[in-house]
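Beneath this line is the structure, given in structure tokens, with notes to follow.
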Amino acid sequence: MILFDHSGKNKKLYRKLHSFAKIKNYDGSELSADTLADCDLFVCFGSKLHSDSSVSALKEFIDRGGSVAIFSTEAEPNNHFLSFYGIRIEEGTVVRAVYHEGFFHPKHALIQNGIAQQFGSSAENMSTSMAFVHPNGTTLSVEPPSFTLLSSGSTSYPVDCPVAAAWESTVGRGRLIVVGSADIFSDEWLERQDNSKLCDIFFDFLLHRGMEFDPSLGRSDFEEKECVPDISSLSNLIKPCLQEIEPLPQDYTTLLCDDQFGLTMEHIPKVIDAYKTLNVPYEPLTLIEPHFNCPHPPLRMATHAPTMLAQPSPELELFDLDDCLTDARTRLVRLGGKYVDDCDLTNYILEAGWILGVDGGCNQVDDEEEKAKHVLHAVAKMILMHSNEMR
């Protein structure tokens, strides 16, 4: 009998287990010895261990030989129960560091080298080539006697950390599996990659259906986590490495130093006595007009090239570039805009015929209306000939 925490997103797993075992739905109420009395396996998604009585009942259930499977990313209150077995759900999220086709969200981590345990008794059964998806999951902290089943691999962050662990009693039949993802076997992810194979292996182990794990053959060389400073918090607490100074006085003028320079008359008598000693007449100073020497360039013979009469510019006619370079369609559009408000149909026809190069012999006629009729006749004739050629 399996006590199954049935939810809307685990219907495929429910039918998979129901194919070989009886299932009893768990309504999320408080666990007790009576609830688990006739059960062999309890499957829990998320956090359901909210009371000490539920933890005690589940612990006694394992001691009696029952099995428990917990699929959750919530550390509390699950860690209170898991601490008895050396397993702890860590805070945080496993994200992929490498893009894989079909997995667009970073939390949908495809792990291709995360098998940490032999799924069988011989080296031939080592499933190192299995790849699984760890969606919306977190990592675990595993200590003996528990052992790691799956890791985050080398392409996810955190790198190579346990994401699934197991515990097996040495004196009874009690077994426990903890996976740091509540969605790994949901309807969306059960049939992706090798998740279905992992589901069969895990539940065969929990139900004693011929699957055994040997911790001595699996990996146990996971690096211990090291605490590092919280750089983001320390960056807001910057303290300068300067010596402490005395506080500034109230009278700031005491900080001014005026003994390094001065403006006094005490040296003037010595300067006047120096005139007599040097026999230099003492006269008051007057303004001396400056005389600047302006340098001039050296004289050179001026040579000039002979002046040649400029050739007259060629006589050029004025051309309308629009008439020469614009195509016929554009010129016709401009002509139509020119006569949009003018009812002079005769001039419009003549100018359009000139643009198209059609005159119809109108030069032999003096009347403007007759010229327009010749142009229309020539255009109609060209249209008729073109339609006959198309047939």
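So you can find residues: chains in the structure tokens are A, B, ... in the order shown, residues in each start at 1, and ligands are numbered from 1 in order.
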All residues 8 Å or closer to range 194-201 of chain A, only C-alpha atoms, same chain fewer than 2 positions away omitted, as an MDAnalysis selection string: chainID A and resid 119 130:133 184:185 189:192 203:205 211
Gly86 in chain A environment, 12 Å, only C-alpha atoms, sequence neighbours closer than 6 positions dropped, as a list in words: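 Listing them by chain and then by number gives Asn79, His80, Leu140, Ser141, Val142, Glu143, Pro144, Pro145, Ser146, Phe147, Thr148, Ala165, Ala166, Trp167, Glu168, Leu176, Ile177 and Val178 of chain A.
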Just the selected residues (all heavy atoms), exported as a compact mmCIF listing (two decimals), in the first residue's frame, please.
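That gives us result-v8.txt:
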```txt
# COMPACT_ATOMS: atom_id res chain seq x y z
N ASN A 79 13.54 19.92 7.14
CA ASN A 79 14.87 19.67 7.71
C ASN A 79 14.80 19.18 9.16
O ASN A 79 15.72 18.52 9.62
CB ASN A 79 15.72 20.94 7.63
CG ASN A 79 16.24 21.17 6.23
OD1 ASN A 79 16.26 20.27 5.40
ND2 ASN A 79 16.67 22.39 5.95
N HIS A 80 13.74 19.49 9.86
CA HIS A 80 13.61 19.00 11.23
C HIS A 80 13.50 17.47 11.25
O HIS A 80 14.08 16.79 12.10
CB HIS A 80 12.38 19.63 11.88
CG HIS A 80 12.10 19.11 13.26
ND1 HIS A 80 13.01 19.17 14.29
CD2 HIS A 80 11.00 18.47 13.76
CE1 HIS A 80 12.50 18.62 15.38
NE2 HIS A 80 11.27 18.19 15.08
N LEU A 140 21.17 19.54 -1.85
CA LEU A 140 21.06 18.90 -0.53
C LEU A 140 22.43 18.89 0.14
O LEU A 140 23.47 18.99 -0.52
CB LEU A 140 20.55 17.47 -0.65
CG LEU A 140 19.24 17.23 -1.43
CD1 LEU A 140 18.95 15.74 -1.49
CD2 LEU A 140 18.10 17.97 -0.79
N SER A 141 22.39 18.77 1.44
CA SER A 141 23.61 18.53 2.22
C SER A 141 23.48 17.11 2.79
O SER A 141 22.52 16.80 3.51
CB SER A 141 23.74 19.56 3.34
OG SER A 141 24.85 19.27 4.15
N VAL A 142 24.45 16.25 2.45
CA VAL A 142 24.36 14.82 2.78
C VAL A 142 25.54 14.43 3.66
O VAL A 142 26.69 14.73 3.34
CB VAL A 142 24.34 13.96 1.49
CG1 VAL A 142 24.18 12.49 1.84
CG2 VAL A 142 23.23 14.43 0.56
N GLU A 143 25.24 13.78 4.75
CA GLU A 143 26.27 13.26 5.66
C GLU A 143 25.98 11.80 5.94
O GLU A 143 24.83 11.35 5.89
CB GLU A 143 26.25 14.06 6.97
CG GLU A 143 26.60 15.53 6.81
CD GLU A 143 26.54 16.28 8.13
OE1 GLU A 143 26.20 15.62 9.16
OE2 GLU A 143 26.82 17.49 8.15
N PRO A 144 27.02 10.99 6.21
CA PRO A 144 26.81 9.57 6.54
C PRO A 144 25.89 9.44 7.75
O PRO A 144 25.90 10.31 8.63
CB PRO A 144 28.22 9.06 6.84
CG PRO A 144 29.13 10.03 6.14
CD PRO A 144 28.44 11.36 6.19
N PRO A 145 25.04 8.40 7.79
CA PRO A 145 25.04 7.20 6.92
C PRO A 145 24.27 7.36 5.61
O PRO A 145 24.15 6.41 4.86
CB PRO A 145 24.37 6.16 7.81
CG PRO A 145 23.42 6.96 8.65
CD PRO A 145 24.12 8.26 8.92
N SER A 146 23.75 8.55 5.33
CA SER A 146 23.08 8.77 4.05
C SER A 146 24.12 8.87 2.93
O SER A 146 25.29 9.13 3.19
CB SER A 146 22.24 10.04 4.10
OG SER A 146 21.21 9.94 5.07
N PHE A 147 23.68 8.65 1.70
CA PHE A 147 24.59 8.70 0.57
C PHE A 147 23.89 9.37 -0.61
O PHE A 147 22.66 9.39 -0.71
CB PHE A 147 25.06 7.29 0.18
CG PHE A 147 23.96 6.29 0.00
CD1 PHE A 147 23.37 6.07 -1.24
CD2 PHE A 147 23.48 5.57 1.10
CE1 PHE A 147 22.36 5.15 -1.38
CE2 PHE A 147 22.46 4.65 0.95
CZ PHE A 147 21.88 4.43 -0.29
N THR A 148 24.70 9.92 -1.51
CA THR A 148 24.19 10.71 -2.63
C THR A 148 23.82 9.80 -3.80
O THR A 148 24.56 8.88 -4.15
CB THR A 148 25.24 11.73 -3.09
OG1 THR A 148 25.58 12.56 -1.98
CG2 THR A 148 24.73 12.58 -4.23
N ALA A 165 19.34 12.12 -2.47
CA ALA A 165 20.08 11.30 -1.50
C ALA A 165 19.16 10.21 -0.97
O ALA A 165 17.93 10.28 -1.09
CB ALA A 165 20.61 12.16 -0.35
N ALA A 166 19.77 9.19 -0.39
CA ALA A 166 19.02 8.04 0.13
C ALA A 166 19.61 7.63 1.48
O ALA A 166 20.78 7.91 1.79
CB ALA A 166 19.06 6.88 -0.85
N TRP A 167 18.77 6.98 2.26
CA TRP A 167 19.18 6.43 3.55
C TRP A 167 18.55 5.05 3.69
O TRP A 167 17.39 4.86 3.30
CB TRP A 167 18.73 7.34 4.69
CG TRP A 167 19.02 6.78 6.05
CD1 TRP A 167 20.13 6.95 6.80
CD2 TRP A 167 18.12 5.97 6.84
NE1 TRP A 167 20.03 6.28 7.99
CE2 TRP A 167 18.79 5.67 8.05
CE3 TRP A 167 16.85 5.45 6.64
CZ2 TRP A 167 18.22 4.89 9.04
CZ3 TRP A 167 16.28 4.66 7.63
CH2 TRP A 167 16.97 4.39 8.82
N GLU A 168 19.28 4.09 4.25
CA GLU A 168 18.78 2.73 4.43
C GLU A 168 19.14 2.26 5.82
O GLU A 168 20.29 2.40 6.28
CB GLU A 168 19.38 1.80 3.37
CG GLU A 168 18.83 0.39 3.43
CD GLU A 168 19.33 -0.49 2.30
OE1 GLU A 168 20.21 0.00 1.55
OE2 GLU A 168 18.86 -1.63 2.18
N LEU A 176 14.68 5.63 2.88
CA LEU A 176 14.30 7.03 2.67
C LEU A 176 15.02 7.56 1.43
O LEU A 176 16.21 7.32 1.25
CB LEU A 176 14.68 7.88 3.90
CG LEU A 176 14.59 9.40 3.76
CD1 LEU A 176 13.14 9.84 3.60
CD2 LEU A 176 15.23 10.10 4.96
N ILE A 177 14.29 8.27 0.59
CA ILE A 177 14.86 8.98 -0.56
C ILE A 177 14.37 10.41 -0.52
O ILE A 177 13.16 10.67 -0.34
CB ILE A 177 14.47 8.30 -1.89
CG1 ILE A 177 15.32 7.05 -2.13
CG2 ILE A 177 14.66 9.27 -3.06
CD1 ILE A 177 15.07 6.39 -3.47
N VAL A 178 15.29 11.34 -0.68
CA VAL A 178 14.98 12.76 -0.69
C VAL A 178 15.51 13.34 -2.00
O VAL A 178 16.67 13.14 -2.35
CB VAL A 178 15.61 13.50 0.51
CG1 VAL A 178 15.25 14.97 0.47
CG2 VAL A 178 15.17 12.86 1.82
```
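Nearest to Lys24 in chain A of all the residues A:Val280, A:Ala352, A:Cys39, A:Met308 is A:Cys39, based on only C-alpha atoms.
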Between CA of Ile89 in chain A and CA of Phe103 in chain A, distance in Å (one decimal): 24.5 Å
Distance query range 104-114 of chain A at most 12 Å, only C-alpha atoms, self and fewer than 2 positions along chain excluded, as an MDAnalysis selection string: chainID A and resid 92:102 116:118 127:138 148:164 181 183:184 188:189 192:195 198 218:219 222
Distance query Phe20 in chain A at most 12 Å, only C-alpha atoms, self and fewer than 2 positions along chain excluded, as a list in words: Met1, Ile2, Leu13, Tyr14, Arg15, Lys16, Leu17, His18, Lys22, Ile23, Asp200, Phe203, Asp204, Leu207 and Arg209 of chain A
Selection to disk with C-alpha atoms, as an mmCIF file, in the first residue's frame:
```
data_model
loop_
_atom_site.group_PDB
_atom_site.id
_atom_site.type_symbol
_atom_site.label_atom_id
_atom_site.label_comp_id
_atom_site.auth_asym_id
_atom_site.auth_seq_id
_atom_site.Cartn_x
_atom_site.Cartn_y
_atom_site.Cartn_z
ATOM 1 C CA MET A 1 0.000 0.000 0.000
ATOM 2 C CA ILE A 2 1.314 3.442 -0.971
ATOM 3 C CA LEU A 13 3.151 9.129 -11.638
ATOM 4 C CA TYR A 14 -0.072 8.119 -9.881
ATOM 5 C CA ARG A 15 -1.066 5.841 -12.778
ATOM 6 C CA LYS A 16 2.484 4.456 -13.004
ATOM 7 C CA LEU A 17 2.490 3.408 -9.343
ATOM 8 C CA HIS A 18 -1.109 2.211 -9.461
ATOM 9 C CA LYS A 22 -2.466 -0.191 -4.304
ATOM 10 C CA ILE A 23 -2.588 3.537 -3.625
ATOM 11 C CA ASP A 200 11.440 3.208 -11.727
ATOM 12 C CA PHE A 203 10.487 3.310 -6.346
ATOM 13 C CA ASP A 204 11.910 -0.182 -6.898
ATOM 14 C CA LEU A 207 9.366 -0.940 -2.350
ATOM 15 C CA ARG A 209 11.615 -4.762 -5.686
#
```
Selected residue of minimal separation from Ala57 in chain A among A:Pro298, A:Asp38, A:Leu31, A:Asp341, counting only C-alpha atoms: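 Using only C-alpha atoms, the shortest distance to Ala57 in chain A belongs to A:Leu31.
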For CA of Gly172 in chain A and CA of Ser216 in chain A, the interatomic separation in Å (one decimal):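 Going from CA of Gly172 in chain A over to CA of Ser216 in chain A covers 19.4 Å.
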Residue among A:Phe4, A:Phe81, A:Phe213, A:Phe71 lying closest to Gly180 in chain A, counting only C-alpha atoms: A:Phe71
Interatomic distance, CA of Asp344 in chain A to CA of Glu369 in chain A (Å, one decimal): 10.8 Å
Near-Asp327 in chain A list (12 Å; only C-alpha atoms; drop same-chain fewer than 6 positions) as a list in words: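 Using only C-alpha atoms, the neighbours found are Leu321, Val333, Arg334, Ile355 and Leu356 of chain A.
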Residue list (alpha helix (DSSP H), DSSP) for range 155-370 of chain A, as number ranges by chain: A: 195-206, 231-234, 268-277, 321-325, 328-338, 345-356, 368-370
